[in-house]
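Below is the file data13.csv, which contains CSV, C-alpha atoms.
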```
chain,number,residue,atom,x,y,z
A,29,MET,CA,14.8,12.9,2.3
A,30,GLN,CA,12.6,9.8,3.0
A,31,ARG,CA,11.5,9.7,-0.6
A,32,ARG,CA,15.1,9.8,-1.8
A,33,LEU,CA,16.0,6.9,0.5
A,34,ILE,CA,13.0,4.9,-0.8
A,35,VAL,CA,13.9,5.5,-4.4
A,36,LEU,CA,17.6,4.5,-3.8
A,37,LYS,CA,16.5,1.3,-2.1
A,38,LEU,CA,14.2,0.5,-5.0
A,39,LEU,CA,16.9,1.2,-7.6
A,40,VAL,CA,19.2,-1.3,-5.8
A,41,LEU,CA,16.3,-3.8,-5.6
A,42,VAL,CA,15.4,-3.5,-9.3
A,43,MET,CA,19.0,-3.8,-10.4
A,44,SER,CA,19.2,-7.0,-8.3
A,45,THR,CA,16.4,-8.5,-10.4
A,46,ALA,CA,18.6,-8.5,-13.6
A,47,SER,CA,19.2,-12.2,-13.2
A,48,PHE,CA,15.5,-12.8,-13.6
A,49,THR,CA,15.3,-11.2,-17.1
A,50,LEU,CA,13.2,-13.3,-19.4
A,51,ALA,CA,14.9,-15.2,-22.1
A,52,GLN,CA,11.9,-15.2,-24.4
A,53,ASP,CA,10.2,-12.2,-25.9
A,54,ALA,CA,9.1,-9.6,-23.3
A,55,ALA,CA,5.6,-10.2,-21.9
A,56,GLU,CA,2.9,-7.5,-21.8
A,57,LEU,CA,0.7,-7.7,-18.7
A,58,ARG,CA,-2.6,-6.0,-18.0
A,59,PHE,CA,-3.1,-4.7,-14.4
A,60,LEU,CA,-6.6,-3.6,-13.5
A,61,CYS,CA,-6.2,-1.5,-10.4
A,62,TYR,CA,-8.6,0.4,-8.1
A,63,GLN,CA,-7.6,3.1,-5.7
A,64,ASP,CA,-9.2,5.2,-2.9
A,65,GLY,CA,-6.2,7.6,-3.0
A,66,ASN,CA,-3.0,7.2,-5.0
A,67,GLU,CA,-2.4,3.5,-4.7
A,68,CYS,CA,-2.5,2.7,-8.4
A,69,GLU,CA,-0.3,5.7,-9.3
A,70,VAL,CA,2.3,4.5,-6.9
A,71,TYR,CA,2.0,1.0,-8.3
A,72,ALA,CA,2.6,2.4,-11.8
A,73,GLU,CA,5.8,4.1,-10.6
A,74,LEU,CA,7.0,1.0,-8.9
A,75,LEU,CA,6.2,-1.2,-11.8
A,76,ASP,CA,7.9,1.2,-14.3
A,77,ARG,CA,11.2,0.5,-12.5
A,78,PHE,CA,10.5,-3.2,-12.6
A,79,SER,CA,9.8,-3.0,-16.4
A,80,ALA,CA,12.9,-1.0,-17.1
A,81,ASP,CA,15.0,-3.8,-15.7
A,82,THR,CA,13.1,-6.9,-16.9
A,83,GLY,CA,11.6,-5.7,-20.2
A,84,ILE,CA,8.2,-6.9,-19.0
A,85,VAL,CA,5.6,-4.3,-20.0
A,86,ILE,CA,2.8,-3.7,-17.6
A,87,HIS,CA,-0.2,-1.6,-18.6
A,88,VAL,CA,-1.9,-0.2,-15.5
A,89,GLU,CA,-5.6,0.6,-15.9
A,90,ILE,CA,-7.1,2.6,-13.0
A,91,VAL,CA,-10.8,2.3,-12.1
A,92,ALA,CA,-12.7,3.9,-9.3
A,93,ALA,CA,-13.2,1.9,-6.1
A,94,ASP,CA,-17.0,1.7,-6.7
A,95,LYS,CA,-16.5,0.3,-10.2
A,96,ILE,CA,-13.9,-2.4,-9.7
A,97,ASP,CA,-16.3,-5.3,-8.8
A,98,ALA,CA,-18.7,-4.6,-11.7
A,99,GLU,CA,-15.8,-4.2,-14.2
A,100,LEU,CA,-14.1,-7.4,-13.1
A,101,SER,CA,-17.4,-9.3,-13.2
A,102,ARG,CA,-18.1,-8.1,-16.7
A,103,ARG,CA,-14.6,-9.0,-18.0
A,104,LEU,CA,-14.7,-12.4,-16.3
A,105,ALA,CA,-18.0,-13.2,-18.0
A,106,GLU,CA,-16.7,-12.0,-21.4
A,107,GLY,CA,-13.4,-13.9,-21.0
A,108,THR,CA,-11.3,-10.7,-21.2
A,109,SER,CA,-10.0,-10.7,-17.6
A,110,PRO,CA,-6.7,-8.8,-17.0
A,111,ASP,CA,-3.6,-10.7,-16.0
A,112,PHE,CA,-3.8,-9.4,-12.5
A,113,ALA,CA,-5.8,-6.9,-10.4
A,114,ARG,CA,-6.0,-5.0,-7.1
A,115,VAL,CA,-9.3,-5.9,-5.4
A,116,SER,CA,-11.2,-5.7,-2.1
A,117,ASP,CA,-13.9,-8.3,-2.7
A,118,LEU,CA,-12.4,-11.8,-2.9
A,119,ALA,CA,-15.7,-13.6,-2.4
A,120,THR,CA,-16.8,-13.2,-6.0
A,121,LEU,CA,-13.5,-14.3,-7.5
A,122,ALA,CA,-13.4,-18.0,-6.3
A,123,GLY,CA,-12.5,-20.3,-9.2
A,124,HIS,CA,-11.1,-17.5,-11.3
A,125,THR,CA,-7.8,-16.7,-9.6
A,126,LEU,CA,-4.4,-18.2,-10.3
A,127,ASP,CA,-2.5,-20.2,-7.7
A,128,LEU,CA,0.7,-18.2,-7.2
A,129,ARG,CA,2.4,-20.8,-5.0
A,130,PRO,CA,4.2,-22.5,-7.9
A,131,LEU,CA,5.3,-19.2,-9.4
A,132,LEU,CA,6.8,-17.5,-6.3
A,133,THR,CA,10.3,-18.0,-5.2
A,134,ASN,CA,9.4,-17.4,-1.5
A,135,ALA,CA,6.0,-19.0,-1.3
A,136,ASP,CA,6.4,-20.6,2.1
A,137,GLU,CA,7.8,-17.5,3.7
A,138,LEU,CA,4.9,-15.4,2.2
A,139,GLU,CA,2.3,-17.8,3.3
A,140,ALA,CA,3.4,-17.4,6.9
A,141,GLN,CA,2.9,-13.6,6.6
A,142,ILE,CA,-0.5,-13.6,5.1
A,143,PRO,CA,-3.5,-13.5,7.5
A,144,ALA,CA,-5.2,-16.9,7.6
A,145,PRO,CA,-8.6,-15.7,6.4
A,146,VAL,CA,-7.1,-14.2,3.2
A,147,LEU,CA,-5.4,-17.6,2.5
A,148,SER,CA,-8.7,-19.5,3.0
A,149,ALA,CA,-11.0,-17.1,1.2
A,150,LEU,CA,-10.2,-18.5,-2.3
A,151,ARG,CA,-9.1,-22.0,-1.4
A,152,ASP,CA,-11.3,-25.0,-2.3
A,153,GLY,CA,-11.4,-27.0,0.8
A,154,HIS,CA,-8.8,-28.1,3.4
A,155,GLU,CA,-6.7,-30.0,0.9
A,156,ASP,CA,-6.0,-26.8,-1.1
A,157,ASP,CA,-2.8,-25.1,-0.1
A,158,GLY,CA,-2.8,-22.5,-2.9
A,159,ILE,CA,-1.9,-18.9,-2.5
A,160,TYR,CA,-4.5,-17.1,-4.6
A,161,ALA,CA,-4.3,-13.5,-3.1
A,162,LEU,CA,-1.5,-11.4,-1.8
A,163,PRO,CA,-2.8,-8.6,0.5
A,164,ASP,CA,-1.2,-5.3,0.1
A,165,ALA,CA,-3.0,-3.0,2.6
A,166,LEU,CA,-5.3,-3.1,5.6
A,167,ALA,CA,-7.9,-0.6,6.8
A,168,VAL,CA,-7.8,-1.1,10.6
A,169,VAL,CA,-10.2,0.2,13.2
A,170,ALA,CA,-8.8,1.6,16.5
A,171,PRO,CA,-9.5,4.5,18.8
A,172,PHE,CA,-8.4,8.1,18.1
A,173,VAL,CA,-7.7,9.7,21.5
A,174,ASN,CA,-7.6,13.4,22.5
A,175,LEU,CA,-4.3,13.3,24.5
A,176,SER,CA,-4.7,17.0,25.4
A,177,SER,CA,-7.9,16.3,27.3
A,178,PHE,CA,-6.1,13.6,29.5
A,179,GLU,CA,-3.2,16.0,30.1
A,180,GLN,CA,-5.6,18.9,31.0
A,181,ALA,CA,-7.5,16.6,33.4
A,182,GLY,CA,-4.3,15.2,35.0
A,183,ILE,CA,-5.5,11.7,34.3
A,184,ALA,CA,-3.2,8.8,33.2
A,185,ILE,CA,-4.0,7.2,29.9
A,186,PRO,CA,-5.2,3.6,30.4
A,187,GLY,CA,-2.5,1.2,29.6
A,188,GLY,CA,0.1,3.9,29.6
A,189,GLY,CA,-0.7,4.6,26.0
A,190,ASP,CA,1.2,1.7,24.5
A,191,GLN,CA,-0.5,-1.3,26.1
A,192,SER,CA,-4.1,-2.3,25.8
A,193,ALA,CA,-6.4,-1.7,28.8
A,194,GLY,CA,-9.8,-3.1,29.6
A,195,TRP,CA,-13.1,-1.5,28.7
A,196,ASP,CA,-13.9,-0.9,32.4
A,197,GLU,CA,-10.6,0.9,32.9
A,198,TRP,CA,-11.2,3.0,29.8
A,199,LEU,CA,-14.8,4.0,30.8
A,200,ALA,CA,-13.7,5.0,34.3
A,201,ALA,CA,-10.8,7.1,32.9
A,202,LEU,CA,-13.2,8.8,30.4
A,203,ASP,CA,-15.6,9.7,33.2
A,204,LEU,CA,-12.7,11.3,35.1
A,205,VAL,CA,-11.6,13.3,32.1
A,206,LEU,CA,-15.2,14.6,31.6
A,207,ALA,CA,-15.4,15.6,35.2
A,208,GLU,CA,-12.1,17.6,35.0
A,209,THR,CA,-12.5,19.3,31.6
A,210,ALA,CA,-15.1,21.0,29.4
A,211,VAL,CA,-15.1,18.2,26.9
A,212,PRO,CA,-18.8,17.1,26.6
A,213,TYR,CA,-18.5,13.6,25.4
A,214,ALA,CA,-16.5,10.5,26.5
A,215,LEU,CA,-16.8,8.4,23.3
A,216,ALA,CA,-18.2,8.8,19.8
A,217,VAL,CA,-18.7,6.1,17.2
A,218,ASP,CA,-20.9,5.9,14.1
A,219,ASN,CA,-23.5,3.2,13.9
A,220,LYS,CA,-22.1,2.2,10.5
A,221,GLU,CA,-20.7,-1.0,9.0
A,222,HIS,CA,-17.8,-2.4,10.9
A,223,ARG,CA,-17.2,0.3,13.6
A,224,LEU,CA,-19.2,-1.6,16.3
A,225,VAL,CA,-17.8,-5.0,15.4
A,226,GLY,CA,-14.3,-4.7,16.8
A,227,PRO,CA,-15.4,-3.6,20.3
A,228,ALA,CA,-18.0,-6.4,20.3
A,229,MET,CA,-15.3,-8.9,19.4
A,230,SER,CA,-13.1,-7.6,22.2
A,231,LEU,CA,-15.9,-8.3,24.6
A,232,GLY,CA,-16.4,-11.9,23.3
A,233,ALA,CA,-18.7,-11.7,20.3
A,234,ARG,CA,-18.3,-14.5,17.8
A,235,TYR,CA,-19.5,-14.1,14.2
A,236,PHE,CA,-18.9,-17.5,12.6
A,237,ASP,CA,-20.2,-21.0,13.2
A,238,GLU,CA,-18.2,-24.2,12.8
A,239,SER,CA,-19.1,-24.3,9.1
A,240,GLY,CA,-17.7,-20.9,8.5
A,241,ASP,CA,-21.1,-19.3,7.9
A,242,LEU,CA,-21.6,-15.7,9.1
A,243,ARG,CA,-23.9,-15.9,12.1
A,244,LEU,CA,-24.1,-14.3,15.5
A,245,VAL,CA,-22.9,-17.4,17.2
A,246,ASP,CA,-22.2,-15.6,20.5
A,247,ASP,CA,-23.8,-12.2,20.7
A,248,SER,CA,-22.8,-11.5,24.4
A,249,GLY,CA,-20.0,-9.2,23.4
A,250,LEU,CA,-22.2,-7.2,21.0
A,251,ARG,CA,-24.9,-7.0,23.7
A,252,GLU,CA,-22.4,-5.7,26.2
A,253,PHE,CA,-21.0,-3.0,23.9
A,254,LEU,CA,-24.5,-1.9,22.8
A,255,ARG,CA,-25.5,-1.6,26.5
A,256,ILE,CA,-22.4,0.5,27.1
A,257,LEU,CA,-23.3,2.8,24.2
A,258,GLN,CA,-26.9,3.0,25.4
A,259,ARG,CA,-25.9,4.0,28.9
A,260,LEU,CA,-23.5,6.6,27.6
A,261,MET,CA,-26.2,8.0,25.3
A,262,GLU,CA,-28.8,8.1,28.2
A,263,ALA,CA,-26.2,9.9,30.3
A,264,ASP,CA,-25.4,12.3,27.4
A,265,LYS,CA,-21.8,11.1,27.3
A,266,THR,CA,-22.0,10.1,23.7
A,267,PRO,CA,-23.7,12.0,20.9
A,268,ALA,CA,-27.0,10.4,20.1
A,269,ASP,CA,-27.1,11.6,16.4
A,270,THR,CA,-24.0,9.4,15.5
A,271,LEU,CA,-25.9,6.3,16.7
A,272,LEU,CA,-29.0,7.4,14.9
A,273,GLY,CA,-27.2,8.0,11.6
A,274,THR,CA,-27.7,11.7,11.4
A,275,GLY,CA,-24.4,12.9,12.8
A,276,LYS,CA,-20.7,12.1,12.2
A,277,SER,CA,-18.4,11.1,15.0
A,278,GLN,CA,-15.4,12.6,13.3
A,279,ASP,CA,-16.9,16.0,13.5
A,280,TYR,CA,-17.1,15.7,17.3
A,281,PHE,CA,-13.5,14.6,17.6
A,282,VAL,CA,-11.9,17.2,15.4
A,283,ARG,CA,-13.8,19.9,17.2
A,284,GLY,CA,-12.4,18.6,20.5
A,285,GLU,CA,-15.9,17.6,21.8
A,286,THR,CA,-15.2,13.9,22.5
A,287,VAL,CA,-12.2,12.2,24.2
A,288,LEU,CA,-12.3,9.0,22.2
A,289,TYR,CA,-13.4,8.4,18.7
A,290,ILE,CA,-13.6,4.9,17.2
A,291,CYS,CA,-12.9,4.7,13.4
A,292,GLY,CA,-10.3,3.5,11.0
A,293,SER,CA,-6.9,4.2,9.5
A,294,TRP,CA,-8.5,5.6,6.3
A,295,LYS,CA,-9.5,8.7,8.4
A,296,VAL,CA,-6.0,9.6,9.6
A,297,LEU,CA,-5.3,12.2,6.9
A,298,SER,CA,-8.6,14.0,7.2
A,299,VAL,CA,-8.4,14.0,11.0
A,300,ALA,CA,-4.9,15.4,10.9
A,301,GLN,CA,-5.8,18.1,8.5
A,302,ALA,CA,-8.9,19.1,10.4
A,303,VAL,CA,-7.4,19.1,13.9
A,304,ASP,CA,-4.2,20.8,12.8
A,305,ASN,CA,-2.6,22.2,16.0
A,306,ALA,CA,-5.8,22.5,18.0
A,307,PHE,CA,-4.9,19.6,20.3
A,308,GLU,CA,-2.6,16.6,20.5
A,309,TRP,CA,-4.1,13.3,19.5
A,310,ALA,CA,-2.9,9.7,18.8
A,311,ILE,CA,-4.1,6.2,17.9
A,312,LEU,CA,-4.0,3.9,20.9
A,313,PRO,CA,-4.5,0.2,21.3
A,314,ASN,CA,-8.1,-1.0,21.2
A,315,PRO,CA,-9.7,-1.5,24.6
A,316,GLY,CA,-9.7,-5.1,25.6
A,317,GLY,CA,-12.0,-7.7,27.1
A,318,VAL,CA,-12.5,-11.5,27.2
A,319,GLY,CA,-11.9,-11.5,23.5
A,320,GLY,CA,-8.6,-9.7,23.7
A,321,SER,CA,-7.8,-6.2,22.3
A,322,ALA,CA,-9.6,-6.5,19.0
A,323,GLY,CA,-10.2,-4.2,16.2
A,324,ILE,CA,-11.4,-5.2,12.7
A,325,ALA,CA,-9.7,-4.8,9.3
A,326,GLN,CA,-10.7,-4.6,5.7
A,327,VAL,CA,-8.2,-6.1,3.2
A,328,THR,CA,-7.2,-5.1,-0.3
A,329,SER,CA,-5.3,-7.7,-2.3
A,330,LEU,CA,-3.5,-8.4,-5.5
A,331,VAL,CA,-4.7,-11.4,-7.5
A,332,ALA,CA,-3.7,-13.0,-10.8
A,333,PHE,CA,-6.2,-14.7,-13.1
A,334,GLU,CA,-6.5,-18.1,-14.6
A,335,GLY,CA,-6.0,-18.1,-18.3
A,336,SER,CA,-3.2,-15.6,-18.4
A,337,PRO,CA,-0.5,-16.7,-20.9
A,338,HIS,CA,2.2,-15.0,-18.9
A,339,THR,CA,2.5,-17.0,-15.7
A,340,GLU,CA,6.3,-16.8,-15.5
A,341,ALA,CA,6.2,-13.1,-15.8
A,342,LEU,CA,3.4,-12.9,-13.2
A,343,GLY,CA,5.6,-14.8,-10.8
A,344,MET,CA,8.4,-12.3,-11.3
A,345,VAL,CA,6.0,-9.4,-10.8
A,346,PHE,CA,4.6,-10.8,-7.5
A,347,ASP,CA,8.1,-11.7,-6.3
A,348,TYR,CA,9.0,-8.1,-6.9
A,349,LEU,CA,5.9,-6.6,-5.3
A,350,THR,CA,6.4,-8.6,-2.1
A,351,GLN,CA,10.0,-7.6,-1.5
A,352,PRO,CA,10.2,-5.7,1.9
A,353,ALA,CA,11.6,-2.6,0.2
A,354,VAL,CA,8.8,-2.5,-2.3
A,355,ILE,CA,6.1,-3.1,0.4
A,356,GLY,CA,7.6,-0.4,2.5
A,357,ALA,CA,7.7,2.0,-0.5
A,358,PHE,CA,4.1,1.3,-1.4
A,359,SER,CA,2.9,1.8,2.2
A,360,ALA,CA,5.0,4.9,2.7
A,361,GLN,CA,3.8,6.7,-0.4
A,362,THR,CA,0.1,5.6,-0.2
A,363,LEU,CA,-0.2,6.2,3.6
A,364,THR,CA,-1.7,2.8,4.1
A,365,VAL,CA,-1.2,0.0,6.7
A,366,PRO,CA,0.8,-2.9,5.4
A,367,ALA,CA,-1.1,-6.2,5.3
A,368,LEU,CA,1.7,-8.8,5.5
A,369,LEU,CA,2.4,-9.6,9.2
A,370,THR,CA,6.1,-9.0,9.3
A,371,ALA,CA,5.8,-5.7,7.4
A,372,ALA,CA,3.1,-4.5,9.8
A,373,GLY,CA,5.4,-5.2,12.7
A,374,ALA,CA,8.1,-2.8,11.3
A,375,GLU,CA,8.1,1.0,11.4
A,376,VAL,CA,7.2,2.5,8.0
A,377,ASN,CA,8.9,5.8,7.0
A,378,TYR,CA,5.7,7.4,5.8
A,379,VAL,CA,6.1,10.2,3.2
A,380,THR,CA,4.4,13.0,5.1
A,381,GLU,CA,5.3,16.4,6.6
A,382,ILE,CA,2.9,15.9,9.4
A,383,PRO,CA,4.4,13.7,12.2
A,384,ALA,CA,1.0,12.9,13.7
A,385,ILE,CA,0.1,11.1,10.5
A,386,ALA,CA,3.1,8.8,10.5
A,387,ALA,CA,2.8,8.1,14.2
A,388,ALA,CA,-0.9,7.3,13.8
A,389,LEU,CA,-0.4,4.9,10.8
A,390,ASN,CA,2.4,3.1,12.6
A,391,ALA,CA,0.1,2.7,15.6
A,392,PHE,CA,-2.6,1.2,13.5
A,393,ALA,CA,0.0,-1.2,12.1
A,394,ARG,CA,0.9,-2.3,15.6
A,395,GLU,CA,-2.8,-3.4,16.0
A,396,VAL,CA,-2.5,-5.9,13.1
A,397,PRO,CA,-0.9,-8.7,15.2
A,398,ARG,CA,-3.7,-8.4,17.7
A,399,LEU,CA,-6.4,-9.0,15.1
A,400,GLN,CA,-8.6,-12.0,15.6
A,401,ASP,CA,-9.0,-14.2,12.5
A,402,GLN,CA,-12.7,-13.4,12.5
A,403,ALA,CA,-11.9,-9.7,12.4
A,404,VAL,CA,-10.3,-10.1,9.0
A,405,ALA,CA,-12.6,-12.8,7.8
A,406,LEU,CA,-15.8,-10.8,8.3
A,407,ASP,CA,-15.3,-8.3,5.5
A,408,LEU,CA,-14.1,-11.1,3.2
A,409,HIS,CA,-17.3,-13.0,3.7
A,410,PRO,CA,-19.9,-12.8,0.9
A,411,GLU,CA,-22.7,-12.0,3.4
A,412,ALA,CA,-20.8,-9.2,5.1
A,413,ALA,CA,-22.9,-6.6,3.3
A,414,VAL,CA,-26.0,-8.3,4.5
A,415,TYR,CA,-24.8,-8.2,8.1
A,416,TYR,CA,-23.8,-4.5,7.9
A,417,GLU,CA,-27.1,-3.4,6.3
A,418,ALA,CA,-29.1,-5.3,8.9
A,419,SER,CA,-26.9,-4.1,11.7
A,420,ASN,CA,-27.3,-0.4,10.6
A,421,GLN,CA,-31.0,-0.8,10.3
A,422,TYR,CA,-31.9,-2.7,13.5
A,423,LEU,CA,-29.3,-1.1,15.8
A,424,ARG,CA,-30.5,2.4,14.7
A,425,ALA,CA,-34.0,1.4,15.7
A,426,PHE,CA,-32.6,0.1,19.0
A,427,PHE,CA,-30.8,3.3,19.8
A,428,ALA,CA,-33.9,5.3,18.9
A,429,GLY,CA,-36.0,3.3,21.4
A,430,GLU,CA,-38.1,1.7,18.7
A,431,LEU,CA,-36.9,-1.9,19.3
A,432,GLY,CA,-35.7,-3.7,22.3
A,433,LEU,CA,-32.2,-5.2,22.2
A,434,ASP,CA,-33.5,-8.8,21.8
A,435,GLU,CA,-35.7,-7.7,18.9
A,436,ALA,CA,-32.9,-5.8,17.2
A,437,LEU,CA,-30.5,-8.7,17.4
A,438,ALA,CA,-33.2,-11.1,16.3
A,439,GLY,CA,-33.7,-9.0,13.2
A,440,ILE,CA,-30.0,-9.2,12.4
A,441,GLU,CA,-30.0,-13.0,12.9
A,442,GLN,CA,-33.0,-13.3,10.6
A,443,ALA,CA,-31.4,-11.3,7.9
A,444,LEU,CA,-28.3,-13.6,8.0
A,445,ALA,CA,-30.5,-16.7,8.0
A,446,ASN,CA,-32.5,-15.7,4.8
```
Rewrite the structure of this file - the entire thing - as structure tokens.
Amino acid sequence: MQRRLIVLKLLVLVMSTASFTLAQDAAELRFLCYQDGNECEVYAELLDRFSADTGIVIHVEIVAADKIDAELSRRLAEGTSPDFARVSDLATLAGHTLDLRPLLTNADELEAQIPAPVLSALRDGHEDDGIYALPDALAVVAPFVNLSSFEQAGIAIPGGGDQSAGWDEWLAALDLVLAETAVPYALAVDNKEHRLVGPAMSLGARYFDESGDLRLVDDSGLREFLRILQRLMEADKTPADTLLGTGKSQDYFVRGETVLYICGSWKVLSVAQAVDNAFEWAILPNPGGVGGSAGIAQVTSLVAFEGSPHTEALGMVFDYLTQPAVIGAFSAQTLTVPALLTAAGAEVNYVTEIPAIAAALNAFAREVPRLQDQAVALDLHPEAAVYYEASNQYLRAFFAGELGLDEALAGIEQALAN
């Protein structure tokens, strides 16, 4: 039923674009698209409807997620770039993307909905007000929580389940659940990439200096979270292998062996399938601290390229793809979190037969307005990979007892400074 409603809404929307039909010969656009799931297939379906109404032909070329950066770099170097593309790495595209502001009929409205770090990622200084990327999805980090363990223990969920609660309140509640149930672990999180960054930000960590360079400007929040994890590991309340890189936190959660599991929205489908009906679970607001209730997010975006001879047609395509009904259809069918701020604030009718999936994704979407700018900016920064590689290496050594905390953090700082 949901799919029929989405299709009907889109048919109405596409029919409403008739007034935009090009007077000149129909353009043919090349769209280079990467997907982790079915995103490009959904785009192809949506764009077929657009093409049927406008006569603009769009050739969708799908590439694997691990190939898109190299493929775009090659084409840009050869001067054979597509008209537009779906990308995750904006840092390498500076100077190549088209300013969409003059082409969009709703540029000011869209600008207000785009996270500030996405807007600034491709701008050339403070005087540049161009819109060079339109984000289409976010991968958001927040806690997966075993609700059944709280119910079994007779313990209230911190914040009531819909409001953020502080880390101290969460840790106290987790201890009570462990005392009243057979669940062995309070919290599980992999020492991998961005999973530790959100909690660190919530506790006050700052990752950018005044010049916008990626640095551990204030590592107090990261230190605090690392000490929390160290204490939990020493008390056998978090699995050590996940912090040492030999185990996976998701395995502990789906087996019902940890109350709380910190990971991202991209894991919802696999968690739902693995848990099935074994226990009730949900995505809850990130625990908060002096930095607020902070997660972190990775952004995928649509960009158009300089040199395309079809700028008017591109404007029409981007106008269409940023309509609320189209955004909703894309999110619903791809099981992704919408990236535009107003869209993230609305419930999405996700196309799934598993209610827990729809509830979880909408809960992740409710985290979007709470994101700090640095939580979006970090993954957009060209040195993000350097930070994550150093973090994985030095923090693994810290959890293994091979380095002290000061030494581990100094190693990360040194990697960023080089």
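Near (-14.1, -7.1, -3.9), the residues that fall inside 9 Å on the basis of all atoms listed in the file are Ile96, Asp97, Arg114, Val115, Ser116, Asp117, Leu118, Ala119, Thr120, Leu121, Thr328, Ser329 and Leu408 of chain A.
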How about saving the chosen residues, C-alpha atoms kept, as a JSON list (two decimals), in the coordinates of the input?
```json
[["chain", "number", "residue", "atom", "x", "y", "z"],
["A", 96, "ILE", "CA", -13.90, -2.40, -9.70],
["A", 97, "ASP", "CA", -16.30, -5.30, -8.80],
["A", 114, "ARG", "CA", -6.00, -5.00, -7.10],
["A", 115, "VAL", "CA", -9.30, -5.90, -5.40],
["A", 116, "SER", "CA", -11.20, -5.70, -2.10],
["A", 117, "ASP", "CA", -13.90, -8.30, -2.70],
["A", 118, "LEU", "CA", -12.40, -11.80, -2.90],
["A", 119, "ALA", "CA", -15.70, -13.60, -2.40],
["A", 120, "THR", "CA", -16.80, -13.20, -6.00],
["A", 121, "LEU", "CA", -13.50, -14.30, -7.50],
["A", 328, "THR", "CA", -7.20, -5.10, -0.30],
["A", 329, "SER", "CA", -5.30, -7.70, -2.30],
["A", 408, "LEU", "CA", -14.10, -11.10, 3.20]]
```
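Restricting the calculation to only C-alpha atoms, the smallest distance between Gln400 in chain A and any of A:Ile324, A:Leu126, A:Ala341, A:Ile385 is found for A:Ile324.
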request  = Give me, please, the distance in Å between CA of Ala216 in chain A and CA of Phe178 in chain A, quoted to one decimal.
outcome  = 16.2 Å
Residue nearest Gly189 in chain A among A:Ala405, A:Asn314, A:Arg151, A:Val303 (counting only C-alpha atoms) = A:Asn314
request  = May I have the protein, DNA and RNA residues with an atom at most 12 Å from (-1.9, 5.9, -5.2), counting only C-alpha atoms in the file's coordinates, returned as an MDAnalysis selection string?
outcome  = chainID A and resid 61:74 88 90:92 114 165 357:364
key: Point-to-point distance in Å for CA of Asp434 in chain A and CA of Thr274 in chain A   = 23.7 Å
message = I'd like to know which of A:Ala391, A:Arg251, A:Leu128, A:Tyr213 is closest to Gly432 in chain A, using only C-alpha atoms.
response = A:Arg251
query = Which residues, written as a count of residues only, have at least one atom at most 12 Å from Leu297 in chain A, with all atoms listed in the file counted and residues fewer than 3 positions away on the same chain left out?
reply = 24
key: Length of the CA of Ala306 in chain A to CA of Val379 in chain A vector [Å]   =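 Pair CA of Ala306 in chain A / CA of Val379 in chain A returns 22.6 Å.
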request  = Could you tell me which of A:Ala113, A:Met261, A:Val146, A:Leu312 comes closest to Gln191 in chain A if we count all atoms listed in the file?
outcome  = A:Leu312
key: Spatial neighbours of His409 in chain A, 12 Å, all atoms listed in the file, chain gap at least 6 places, as JSON, numbers by chain   = {"A": [116, 117, 118, 119, 120, 121, 122, 145, 146, 148, 149, 150, 235, 236, 240, 241, 242, 243, 326, 327, 402, 403, 415, 416, 444]}
Keeping C-alpha atoms for every residue in the selection just given, could you write it to a file as a compact mmCIF listing (two decimals), in the frame of the given file?
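Result saved to part.txt:
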```
# COMPACT_ATOMS: atom_id res chain seq x y z
CA SER A 116 -11.20 -5.70 -2.10
CA ASP A 117 -13.90 -8.30 -2.70
CA LEU A 118 -12.40 -11.80 -2.90
CA ALA A 119 -15.70 -13.60 -2.40
CA THR A 120 -16.80 -13.20 -6.00
CA LEU A 121 -13.50 -14.30 -7.50
CA ALA A 122 -13.40 -18.00 -6.30
CA PRO A 145 -8.60 -15.70 6.40
CA VAL A 146 -7.10 -14.20 3.20
CA SER A 148 -8.70 -19.50 3.00
CA ALA A 149 -11.00 -17.10 1.20
CA LEU A 150 -10.20 -18.50 -2.30
CA TYR A 235 -19.50 -14.10 14.20
CA PHE A 236 -18.90 -17.50 12.60
CA GLY A 240 -17.70 -20.90 8.50
CA ASP A 241 -21.10 -19.30 7.90
CA LEU A 242 -21.60 -15.70 9.10
CA ARG A 243 -23.90 -15.90 12.10
CA GLN A 326 -10.70 -4.60 5.70
CA VAL A 327 -8.20 -6.10 3.20
CA GLN A 402 -12.70 -13.40 12.50
CA ALA A 403 -11.90 -9.70 12.40
CA TYR A 415 -24.80 -8.20 8.10
CA TYR A 416 -23.80 -4.50 7.90
CA LEU A 444 -28.30 -13.60 8.00
```
12 Å contact set for Glu56 in chain A, only C-alpha atoms, chain neighbours under 6 positions out, as an NGL selection string = :A and (79 or 82-88 or 110-112 or 336-342 or 345)
ask   = Which residues come within 8 Å of Leu204 in chain A, counting all atoms listed in the file, excluding same-chain residues fewer than 3 positions away, as number ranges by chain?
value = A: 181, 183, 200-201, 207-208
query = Taking all atoms listed in the file into account, which of A:His154, A:Lys95, A:Arg259, A:Arg223 comes nearest Ala170 in chain A?
reply =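 Ranked by minimum distance to Ala170 in chain A, first place goes to A:Arg223.
For the set A:Gly123, A:Gly373, A:Gly335, A:Gly249, the residue with the smallest atom-to-atom gap to Pro397 in chain A is A:Gly373, counting only C-alpha atoms.
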query = range 285-289 of chain A: which residues within 12 Å, counting all atoms listed in the file, same-chain residues fewer than 5 positions away excluded, as a VMD selection string?
reply = chain A and resid 169 to 181 185 198 to 199 201 to 207 209 to 218 223 to 224 264 to 267 270 276 to 280 295 to 296 299 303 306 to 315
